[in-house]
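S.K.: What follows is my_file-v2.pdb; its format and atoms are PDB, C-alpha atoms and all ligand atoms.
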MODEL        1
ATOM      1  CA  MET A 127     -19.202   7.116  11.894  1.00  0.00           C
ATOM      2  CA  LYS A 128     -20.827   5.212  14.711  1.00  0.00           C
ATOM      3  CA  ASP A 129     -20.036   5.332  18.409  1.00  0.00           C
ATOM      4  CA  LEU A 130     -21.695   2.021  19.091  1.00  0.00           C
ATOM      5  CA  PRO A 131     -20.128  -1.356  18.353  1.00  0.00           C
ATOM      6  CA  SER A 132     -20.571  -2.115  14.661  1.00  0.00           C
ATOM      7  CA  SER A 133     -19.783  -4.744  12.085  1.00  0.00           C
ATOM      8  CA  PHE A 134     -19.864  -5.175   8.351  1.00  0.00           C
ATOM      9  CA  ASN A 135     -19.839  -7.954   5.780  1.00  0.00           C
ATOM     10  CA  LEU A 136     -17.321  -8.532   3.042  1.00  0.00           C
ATOM     11  CA  ASP A 137     -18.816  -9.634  -0.240  1.00  0.00           C
ATOM     12  CA  PRO A 138     -17.311 -13.136  -0.699  1.00  0.00           C
ATOM     13  CA  SER A 139     -16.226 -12.543  -4.274  1.00  0.00           C
ATOM     14  CA  SER A 140     -15.329  -8.842  -4.463  1.00  0.00           C
ATOM     15  CA  PHE A 141     -14.324  -8.345  -0.778  1.00  0.00           C
ATOM     16  CA  ILE A 142     -15.982  -4.917  -0.907  1.00  0.00           C
ATOM     17  CA  PRO A 143     -17.482  -4.048   2.512  1.00  0.00           C
ATOM     18  CA  ASP A 144     -21.260  -3.649   2.466  1.00  0.00           C
ATOM     19  CA  GLU A 145     -20.825  -0.547   4.643  1.00  0.00           C
ATOM     20  CA  TYR A 146     -17.963   1.928   4.544  1.00  0.00           C
ATOM     21  CA  ASP A 147     -17.410   5.660   5.046  1.00  0.00           C
ATOM     22  CA  ASN A 148     -14.786   6.500   2.471  1.00  0.00           C
ATOM     23  CA  HIS A 149     -13.754   5.060  -0.881  1.00  0.00           C
ATOM     24  CA  ILE A 150     -10.353   6.174  -2.193  1.00  0.00           C
ATOM     25  CA  GLN A 151      -9.329   5.451  -5.768  1.00  0.00           C
ATOM     26  CA  ARG A 152      -5.690   6.043  -6.627  1.00  0.00           C
ATOM     27  CA  LYS A 153      -4.942   6.462 -10.290  1.00  0.00           C
ATOM     28  CA  LEU A 154      -1.795   6.366 -12.385  1.00  0.00           C
ATOM     29  CA  SER A 155      -1.738  10.183 -12.327  1.00  0.00           C
ATOM     30  CA  ASN A 156      -1.481  10.089  -8.508  1.00  0.00           C
ATOM     31  CA  MET A 157       1.812   8.136  -8.759  1.00  0.00           C
ATOM     32  CA  LYS A 158       3.925  10.737 -10.575  1.00  0.00           C
ATOM     33  CA  GLY A 159       7.643  10.162 -10.017  1.00  0.00           C
ATOM     34  CA  GLN A 160       7.132   6.882  -8.147  1.00  0.00           C
ATOM     35  CA  TYR A 161       7.822   4.335 -10.883  1.00  0.00           C
ATOM     36  CA  LEU A 162      11.380   3.684 -12.016  1.00  0.00           C
ATOM     37  CA  ASP A 163      10.640   3.749 -15.762  1.00  0.00           C
ATOM     38  CA  GLN A 164       9.430   7.324 -16.224  1.00  0.00           C
ATOM     39  CA  GLN A 165       9.054   6.894 -19.980  1.00  0.00           C
ATOM     40  CA  ALA A 166       6.809   3.864 -19.566  1.00  0.00           C
ATOM     41  CA  TYR A 167       4.839   5.838 -16.965  1.00  0.00           C
ATOM     42  CA  ALA A 168       4.311   8.802 -19.305  1.00  0.00           C
ATOM     43  CA  ALA A 169       3.327   6.565 -22.227  1.00  0.00           C
ATOM     44  CA  LYS A 170       0.858   4.599 -20.128  1.00  0.00           C
ATOM     45  CA  LEU A 171      -0.664   7.749 -18.645  1.00  0.00           C
ATOM     46  CA  ALA A 172      -1.083   9.264 -22.128  1.00  0.00           C
ATOM     47  CA  ASP A 173      -3.082   6.169 -23.046  1.00  0.00           C
ATOM     48  CA  LYS A 174      -5.312   5.958 -19.951  1.00  0.00           C
ATOM     49  CA  ASP A 175      -5.366   7.236 -16.373  1.00  0.00           C
ATOM     50  CA  GLU A 176      -6.065   3.792 -14.932  1.00  0.00           C
ATOM     51  CA  ILE A 177      -7.158   3.133 -11.345  1.00  0.00           C
ATOM     52  CA  LEU A 178      -4.242   1.255  -9.733  1.00  0.00           C
ATOM     53  CA  TYR A 179      -5.689   0.634  -6.289  1.00  0.00           C
ATOM     54  CA  GLN A 180      -8.672   1.329  -4.083  1.00  0.00           C
ATOM     55  CA  VAL A 181      -9.217   1.653  -0.348  1.00  0.00           C
ATOM     56  CA  TYR A 182     -12.502   1.261   1.530  1.00  0.00           C
ATOM     57  CA  GLU A 183     -12.230   2.925   4.934  1.00  0.00           C
ATOM     58  CA  ILE A 184     -14.359   2.434   7.998  1.00  0.00           C
ATOM     59  CA  LYS A 185     -13.932   5.821   9.659  1.00  0.00           C
ATOM     60  CA  ARG A 186     -13.253   6.224  13.344  1.00  0.00           C
ATOM     61  CA  PRO A 187     -12.090   9.319  15.223  1.00  0.00           C
ATOM     62  CA  GLU A 188      -8.401   9.901  14.455  1.00  0.00           C
ATOM     63  CA  ILE A 189      -7.315   9.734  18.078  1.00  0.00           C
ATOM     64  CA  GLU A 190      -5.240   7.431  20.265  1.00  0.00           C
ATOM     65  CA  GLY A 191      -7.267   4.440  21.440  1.00  0.00           C
ATOM     66  CA  GLU A 192      -9.261   4.114  18.211  1.00  0.00           C
ATOM     67  CA  ILE A 193      -8.365   1.640  15.454  1.00  0.00           C
ATOM     68  CA  LEU A 194      -8.799   2.712  11.844  1.00  0.00           C
ATOM     69  CA  HIS A 195      -9.505  -0.186   9.537  1.00  0.00           C
ATOM     70  CA  GLY A 196     -10.694  -1.170   6.095  1.00  0.00           C
ATOM     71  CA  ILE A 197      -9.912  -2.998   2.878  1.00  0.00           C
ATOM     72  CA  SER A 198      -7.246  -2.208   0.306  1.00  0.00           C
ATOM     73  CA  ILE A 199      -7.388  -3.617  -3.218  1.00  0.00           C
ATOM     74  CA  VAL A 200      -4.343  -3.319  -5.485  1.00  0.00           C
ATOM     75  CA  HIS A 201      -5.124  -4.229  -9.086  1.00  0.00           C
ATOM     76  CA  PRO A 202      -2.769  -6.320 -11.235  1.00  0.00           C
ATOM     77  CA  GLY A 203      -0.587  -4.634 -13.845  1.00  0.00           C
ATOM     78  CA  LYS A 204       2.796  -3.072 -14.498  1.00  0.00           C
ATOM     79  CA  VAL A 205       4.412   0.218 -15.391  1.00  0.00           C
ATOM     80  CA  GLY A 206       7.377  -0.909 -17.491  1.00  0.00           C
ATOM     81  CA  ASP A 207       8.848  -3.794 -15.459  1.00  0.00           C
ATOM     82  CA  GLU A 208       7.439  -2.589 -12.147  1.00  0.00           C
ATOM     83  CA  TYR A 209       4.315  -4.061 -10.623  1.00  0.00           C
ATOM     84  CA  TYR A 210       1.367  -1.925  -9.559  1.00  0.00           C
ATOM     85  CA  MET A 211       1.825  -0.776  -5.992  1.00  0.00           C
ATOM     86  CA  THR A 212       0.552   1.675  -3.400  1.00  0.00           C
ATOM     87  CA  LYS A 213       2.206   5.060  -2.856  1.00  0.00           C
ATOM     88  CA  GLY A 214       3.487   3.909   0.515  1.00  0.00           C
ATOM     89  CA  HIS A 215       4.087   6.025   3.572  1.00  0.00           C
ATOM     90  CA  PHE A 216       5.512   6.450   7.029  1.00  0.00           C
ATOM     91  CA  HIS A 217       2.968   7.078   9.751  1.00  0.00           C
ATOM     92  CA  THR A 218       3.231  10.684  10.916  1.00  0.00           C
ATOM     93  CA  VAL A 219       3.369   9.364  14.472  1.00  0.00           C
ATOM     94  CA  LEU A 220       6.296   7.054  13.728  1.00  0.00           C
ATOM     95  CA  GLU A 221       5.729   4.923  16.822  1.00  0.00           C
ATOM     96  CA  THR A 222       2.517   3.411  15.456  1.00  0.00           C
ATOM     97  CA  ALA A 223       2.225  -0.058  13.916  1.00  0.00           C
ATOM     98  CA  GLU A 224      -0.202  -1.671  11.460  1.00  0.00           C
ATOM     99  CA  ILE A 225      -1.629  -5.126  10.829  1.00  0.00           C
ATOM    100  CA  TYR A 226      -2.535  -6.542   7.420  1.00  0.00           C
ATOM    101  CA  TYR A 227      -4.427  -9.730   6.700  1.00  0.00           C
ATOM    102  CA  THR A 228      -4.295 -10.842   3.080  1.00  0.00           C
ATOM    103  CA  LEU A 229      -7.652 -12.091   1.835  1.00  0.00           C
ATOM    104  CA  GLN A 230      -6.814 -12.705  -1.815  1.00  0.00           C
ATOM    105  CA  GLY A 231      -3.927 -12.557  -4.232  1.00  0.00           C
ATOM    106  CA  LYS A 232      -0.174 -12.449  -3.899  1.00  0.00           C
ATOM    107  CA  GLY A 233       2.353  -9.734  -3.479  1.00  0.00           C
ATOM    108  CA  TYR A 234       4.966  -8.181  -1.270  1.00  0.00           C
ATOM    109  CA  MET A 235       5.039  -5.553   1.445  1.00  0.00           C
ATOM    110  CA  VAL A 236       8.120  -3.400   0.962  1.00  0.00           C
ATOM    111  CA  MET A 237       9.214  -1.759   4.213  1.00  0.00           C
ATOM    112  CA  GLU A 238      12.001   0.386   5.619  1.00  0.00           C
ATOM    113  CA  THR A 239      12.882   2.520   8.614  1.00  0.00           C
ATOM    114  CA  PRO A 240      14.454   5.979   8.849  1.00  0.00           C
ATOM    115  CA  GLU A 241      17.451   4.224  10.447  1.00  0.00           C
ATOM    116  CA  GLY A 242      18.220   2.338   7.216  1.00  0.00           C
ATOM    117  CA  ASN A 243      16.693  -1.080   7.911  1.00  0.00           C
ATOM    118  CA  PHE A 244      14.633  -2.652   5.172  1.00  0.00           C
ATOM    119  CA  ALA A 245      12.467  -5.752   4.738  1.00  0.00           C
ATOM    120  CA  VAL A 246      10.256  -7.306   2.093  1.00  0.00           C
ATOM    121  CA  GLU A 247       7.578  -9.724   3.283  1.00  0.00           C
ATOM    122  CA  GLU A 248       5.445 -11.992   1.158  1.00  0.00           C
ATOM    123  CA  LEU A 249       1.699 -11.360   1.045  1.00  0.00           C
ATOM    124  CA  ARG A 250      -0.682 -14.158   0.166  1.00  0.00           C
ATOM    125  CA  ALA A 251      -4.202 -15.224   1.078  1.00  0.00           C
ATOM    126  CA  GLY A 252      -4.462 -16.337   4.693  1.00  0.00           C
ATOM    127  CA  ARG A 253      -1.203 -14.686   5.785  1.00  0.00           C
ATOM    128  CA  VAL A 254      -0.975 -11.995   8.465  1.00  0.00           C
ATOM    129  CA  LEU A 255       1.663  -9.267   8.353  1.00  0.00           C
ATOM    130  CA  TYR A 256       2.693  -7.091  11.269  1.00  0.00           C
ATOM    131  CA  VAL A 257       4.320  -3.766  10.358  1.00  0.00           C
ATOM    132  CA  PRO A 258       6.095  -2.542  13.488  1.00  0.00           C
ATOM    133  CA  PRO A 259       6.292   1.099  14.551  1.00  0.00           C
ATOM    134  CA  ARG A 260       8.772   3.207  12.472  1.00  0.00           C
ATOM    135  CA  TRP A 261       8.478   1.086   9.299  1.00  0.00           C
ATOM    136  CA  ALA A 262       7.264   2.761   6.090  1.00  0.00           C
ATOM    137  CA  HIS A 263       5.157   0.339   4.048  1.00  0.00           C
ATOM    138  CA  ARG A 264       4.070  -0.164   0.427  1.00  0.00           C
ATOM    139  CA  SER A 265       2.054  -3.089  -0.945  1.00  0.00           C
ATOM    140  CA  VAL A 266       2.869  -4.521  -4.380  1.00  0.00           C
ATOM    141  CA  ASN A 267       0.645  -6.864  -6.398  1.00  0.00           C
ATOM    142  CA  VAL A 268       2.731  -9.442  -8.291  1.00  0.00           C
ATOM    143  CA  SER A 269      -0.149 -11.474  -9.717  1.00  0.00           C
ATOM    144  CA  GLU A 270      -0.666 -11.329 -13.482  1.00  0.00           C
ATOM    145  CA  ASP A 271      -4.448 -11.261 -13.233  1.00  0.00           C
ATOM    146  CA  GLU A 272      -5.757 -11.180  -9.659  1.00  0.00           C
ATOM    147  CA  ASP A 273      -6.444  -8.292  -7.259  1.00  0.00           C
ATOM    148  CA  LEU A 274      -4.366  -8.184  -4.070  1.00  0.00           C
ATOM    149  CA  VAL A 275      -6.949  -7.708  -1.309  1.00  0.00           C
ATOM    150  CA  MET A 276      -6.060  -6.991   2.314  1.00  0.00           C
ATOM    151  CA  PHE A 277      -7.756  -6.065   5.552  1.00  0.00           C
ATOM    152  CA  PHE A 278      -5.737  -3.471   7.476  1.00  0.00           C
ATOM    153  CA  ALA A 279      -5.931  -1.944  10.962  1.00  0.00           C
ATOM    154  CA  TYR A 280      -3.812   0.770  12.600  1.00  0.00           C
ATOM    155  CA  PRO A 281      -3.991   3.280  15.474  1.00  0.00           C
ATOM    156  CA  GLY A 282      -6.369   6.209  15.101  1.00  0.00           C
ATOM    157  CA  ASN A 283      -3.692   8.801  15.806  1.00  0.00           C
ATOM    158  CA  ALA A 284      -1.131   7.425  13.267  1.00  0.00           C
ATOM    159  CA  GLY A 285      -1.571   9.949  10.426  1.00  0.00           C
ATOM    160  CA  HIS A 286       0.199   9.578   7.052  1.00  0.00           C
ATOM    161  CA  ASP A 287       3.485  11.050   5.883  1.00  0.00           C
ATOM    162  CA  TYR A 288       3.523  10.516   2.112  1.00  0.00           C
ATOM    163  CA  GLY A 289       6.067  13.269   1.411  1.00  0.00           C
ATOM    164  CA  THR A 290       9.181  11.441   2.619  1.00  0.00           C
ATOM    165  CA  ILE A 291       8.574   8.458   0.328  1.00  0.00           C
ATOM    166  CA  GLU A 292       7.532  10.702  -2.587  1.00  0.00           C
ATOM    167  CA  THR A 293      10.912  12.403  -2.325  1.00  0.00           C
ATOM    168  CA  GLN A 294      13.279   9.550  -1.512  1.00  0.00           C
ATOM    169  CA  GLY A 295      11.442   6.442  -2.730  1.00  0.00           C
ATOM    170  CA  PHE A 296      11.826   3.007  -1.157  1.00  0.00           C
ATOM    171  CA  ARG A 297      15.246   1.316  -0.995  1.00  0.00           C
ATOM    172  CA  LYS A 298      13.835  -1.786  -2.706  1.00  0.00           C
ATOM    173  CA  LEU A 299      11.676  -2.217  -5.821  1.00  0.00           C
ATOM    174  CA  VAL A 300       9.750  -5.248  -7.057  1.00  0.00           C
ATOM    175  CA  LEU A 301      10.307  -5.747 -10.786  1.00  0.00           C
ATOM    176  CA  ASP A 302       9.620  -8.397 -13.401  1.00  0.00           C
ATOM    177  CA  ARG A 303      12.618  -8.466 -15.739  1.00  0.00           C
ATOM    178  CA  GLY A 304      11.343 -11.534 -17.548  1.00  0.00           C
ATOM    179  CA  ASN A 305      11.407 -14.203 -14.819  1.00  0.00           C
ATOM    180  CA  GLY A 306       8.664 -13.089 -12.454  1.00  0.00           C
ATOM    181  CA  PRO A 307       9.010 -10.937  -9.339  1.00  0.00           C
ATOM    182  CA  GLU A 308      12.509  -9.880  -8.311  1.00  0.00           C
ATOM    183  CA  ILE A 309      13.442  -7.642  -5.395  1.00  0.00           C
ATOM    184  CA  VAL A 310      16.093  -5.192  -6.481  1.00  0.00           C
ATOM    185  CA  ASP A 311      17.868  -2.091  -5.159  1.00  0.00           C
ATOM    186  CA  ASN A 312      16.242   1.164  -6.185  1.00  0.00           C
ATOM    187  CA  PRO A 313      18.908   3.039  -8.158  1.00  0.00           C
ATOM    188  CA  ARG A 314      17.078   6.325  -7.553  1.00  0.00           C
ATOM    189  CA  TRP A 315      16.828   5.984  -3.756  1.00  0.00           C
ATOM    190  CA  SER A 316      18.261   9.040  -2.055  1.00  0.00           C
ATOM    191  CA  PRO A 317      17.589  10.194   1.488  1.00  0.00           C
ATOM    192  CA  VAL A 318      15.647  13.338   2.268  1.00  0.00           C
ATOM    193  CA  GLU A 319      17.979  16.039   3.656  1.00  0.00           C
ATOM    194  CA  SER A 320      17.289  16.544   7.328  1.00  0.00           C
TER
HETATM  195  C1  LIG B   1      -3.001   2.893   6.351  1.00  0.00           C
HETATM  196  C2  LIG B   1      -2.363   1.946   5.416  1.00  0.00           C
HETATM  197  C3  LIG B   1      -3.194   1.337   4.305  1.00  0.00           C
HETATM  198  C4  LIG B   1      -2.888   2.145   3.054  1.00  0.00           C
HETATM  199  C5  LIG B   1      -3.437   1.566   1.777  1.00  0.00           C
HETATM  200  C6  LIG B   1      -3.114   2.475   0.590  1.00  0.00           C
HETATM  201  O1  LIG B   1      -2.079   3.402   7.257  1.00  0.00           O
HETATM  202  O2  LIG B   1      -1.186   1.679   5.465  1.00  0.00           O
HETATM  203  O3  LIG B   1      -4.527   1.374   4.567  1.00  0.00           O
HETATM  204  O4  LIG B   1      -3.381   3.442   3.252  1.00  0.00           O
HETATM  205  O5  LIG B   1      -2.847   0.330   1.556  1.00  0.00           O
HETATM  206  O6  LIG B   1      -1.766   2.833   0.554  1.00  0.00           O
HETATM  207  P1  LIG B   1      -1.289   4.351   0.589  1.00  0.00           P
HETATM  208  O7  LIG B   1      -1.951   4.988   1.780  1.00  0.00           O
HETATM  209  O8  LIG B   1       0.202   4.284   0.755  1.00  0.00           O
HETATM  210  O9  LIG B   1      -1.721   5.017  -0.664  1.00  0.00           O
HETATM  211 ZN    ZN B   2      -0.051   2.684   7.076  1.00  0.00          ZN
ENDMDL
END
Please render this file's structure as structure tokens.

M.R.:
Amino acid sequence: MKDLPSSFNLDPSSFIPDEYDNHIQRKLSNMKGQYLDQQAYAAKLADKDEILYQVYEIKRPEIEGEILHGISIVHPGKVGDEYYMTKGHFHTVLETAEIYYTLQGKGYMVMETPEGNFAVEELRAGRVLYVPPRWAHRSVNVSEDEDLVMFFAYPGNAGHDYGTIETQGFRKLVLDRGNGPEIVDNPRWSPVES
């Protein structure tokens, strides 16, 4: 972590930063209970604990005023009919936003608020997405063969609440039931007791 201004390069083909502080690899085994088709999940996991997505983080102090940023790469693939996706989360400090800039690929950002609003925005190369404060967010790669690569930036004090989504899921899922990506209601969505 540097306290002086800094910059980094993105490799033009892989989009991997030439300098980063943290490399997270999320595997199939980290997504237990998240995919609709639990049987397909178990069968796939028994075959191979594949890496579904990766995050390269440029670390900054996790305090107000700082901006955490990096690159997320969601690989193509499906569990049953459901496209590979990130776990998704609310920010612990709900009143914090996030910006994504899609560098490669195509997908959707699935979002919702604790108040019951939901939205699904298209992600494709060259497009910028603003996730306002209070909106949980999950990125989904709907390409058959290409990584979904995004630059992201969010406030240093945001923090991550994964637990709420792990328990209740997102209201909307992105599935391929034979005709490409479809946004459907999540039959298993149920709110966390408060
Ligand atoms: C940070 C953020 C992204 C995600 C990344 C992986 O607040 O939203 O950098 O962390 O897309 O997704 P998760 O964190 O949900 O596993
Ligand atoms: Zn976030």

S.K.: So that all listed atoms of segment 255-273 of chain A fit with 3 Å spare on each side, what axis-aligned box centre and edge lengths in Å, to one decimal, would you give as JSON?

M.R.:
{"center_x": 1.2, "center_y": -4.1, "center_z": 0.5, "size_x": 21.2, "size_y": 20.7, "size_z": 34.0}

S.K.: Under the PyMOL selection byres (((chain A and resi 232) around 9) and not hetatm), which residues of this model are included? Write them out as a list in words.

M.R.: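 Matching residues under the PyMOL selection byres (((chain A and resi 232) around 9) and not hetatm) are Thr228, Gln230, Gly231, Gly233, Tyr234, Glu248, Leu249, Arg250, Ala251, Val266, Asn267, Val268, Ser269, Glu272, Asp273, Leu274 and Val275 of chain A.
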
S.K.: Can I get the selected residues back with C-alpha atoms, as a short mmCIF file (atom, residue, chain, number, x, y, z; two decimals), in the coordinates of the input?

M.R.:
data_model
loop_
_atom_site.label_atom_id
_atom_site.label_comp_id
_atom_site.auth_asym_id
_atom_site.auth_seq_id
_atom_site.Cartn_x
_atom_site.Cartn_y
_atom_site.Cartn_z
CA THR A 228 -4.30 -10.84 3.08
CA GLN A 230 -6.81 -12.70 -1.82
CA GLY A 231 -3.93 -12.56 -4.23
CA GLY A 233 2.35 -9.73 -3.48
CA TYR A 234 4.97 -8.18 -1.27
CA GLU A 248 5.44 -11.99 1.16
CA LEU A 249 1.70 -11.36 1.04
CA ARG A 250 -0.68 -14.16 0.17
CA ALA A 251 -4.20 -15.22 1.08
CA VAL A 266 2.87 -4.52 -4.38
CA ASN A 267 0.64 -6.86 -6.40
CA VAL A 268 2.73 -9.44 -8.29
CA SER A 269 -0.15 -11.47 -9.72
CA GLU A 272 -5.76 -11.18 -9.66
CA ASP A 273 -6.44 -8.29 -7.26
CA LEU A 274 -4.37 -8.18 -4.07
CA VAL A 275 -6.95 -7.71 -1.31
#

S.K.: Could you list, as number ranges by chain, all protein and nucleic acid residues with an atom at most 10 Å from ligand ZN 2 (chain B), counting all atoms listed in the file?

M.R.: A: 194, 214-218, 222-226, 257, 259, 261-264, 278-281, 284-288

S.K.: For this structure, which residues satisfy the selection - the PyMOL selection byres (((chain A and resi 315) around 9) and not hetatm) - when it is evaluated on the file as given? I want them as a list in words.

M.R.: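 Applied to this file, the PyMOL selection byres (((chain A and resi 315) around 9) and not hetatm) returns Thr293, Gln294, Gly295, Phe296, Arg297, Lys298, Asp311, Asn312, Pro313, Arg314, Ser316 and Pro317 of chain A.
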
S.K.: Give as number ranges by chain the residues that the PyMOL selection byres (((chain A and resi 148-165) around 6) and not hetatm) matches when applied to the coordinates above.

M.R.: A: 146-147, 166-168, 175-183, 206

S.K.: Would you mind exporting C-alpha atoms of the selected residues as a short mmCIF file (atom, residue, chain, number, x, y, z; two decimals), keeping the file's coordinate frame?

M.R.:
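Result file is part18.cif:
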data_model
loop_
_atom_site.label_atom_id
_atom_site.label_comp_id
_atom_site.auth_asym_id
_atom_site.auth_seq_id
_atom_site.Cartn_x
_atom_site.Cartn_y
_atom_site.Cartn_z
CA TYR A 146 -17.96 1.93 4.54
CA ASP A 147 -17.41 5.66 5.05
CA ALA A 166 6.81 3.86 -19.57
CA TYR A 167 4.84 5.84 -16.96
CA ALA A 168 4.31 8.80 -19.30
CA ASP A 175 -5.37 7.24 -16.37
CA GLU A 176 -6.06 3.79 -14.93
CA ILE A 177 -7.16 3.13 -11.34
CA LEU A 178 -4.24 1.25 -9.73
CA TYR A 179 -5.69 0.63 -6.29
CA GLN A 180 -8.67 1.33 -4.08
CA VAL A 181 -9.22 1.65 -0.35
CA TYR A 182 -12.50 1.26 1.53
CA GLU A 183 -12.23 2.92 4.93
CA GLY A 206 7.38 -0.91 -17.49
#

S.K.: Can you tell me how far atom CA of Glu192 of chain A sits from atom CA of Leu229 of chain A, in Å to one decimal?

M.R.: 23.1 Å

S.K.: Considering only C-alpha atoms and all ligand atoms, can you say which of A:Phe244, A:Phe141, A:Tyr227, A:Tyr209 comes closest to ligand LIG 1 (chain B)?

M.R.: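 Among A:Phe244, A:Phe141, A:Tyr227, A:Tyr209, it is A:Tyr227 that comes nearest to ligand LIG 1 (chain B).
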
S.K.: Using all atoms listed in the file, collect all residues at a distance of at most 7 Å from (13.7, -6.0, -5.0) as written in the file, then present them as a list in words.

M.R.: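 Applying the cut-off with all atoms listed in the file, one gets Lys298, Leu299, Val300, Leu301, Glu308, Ile309, Val310 and Asp311 of chain A.
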
S.K.: Rank A:Asp207, A:Asp144, A:Glu270, A:Glu188 by their smallest atom-to-atom distance to ligand LIG 1 (chain B), using all atoms listed in the file, and report the top residue only.

M.R.: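 Looking at the shortest contact to ligand LIG 1 (chain B), the residue is A:Glu188.
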
S.K.: At what distance in Å, to one decimal, does atom C2 of ligand LIG 1 (chain B) lie from atom CA of Ile197 of chain A?

M.R.: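 The value is 9.4 Å.
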
S.K.: Report, in Å to a single decimal, how far apart atom CA of His201 of chain A and atom CA of Ile291 of chain A are.

M.R.: 20.9 Å
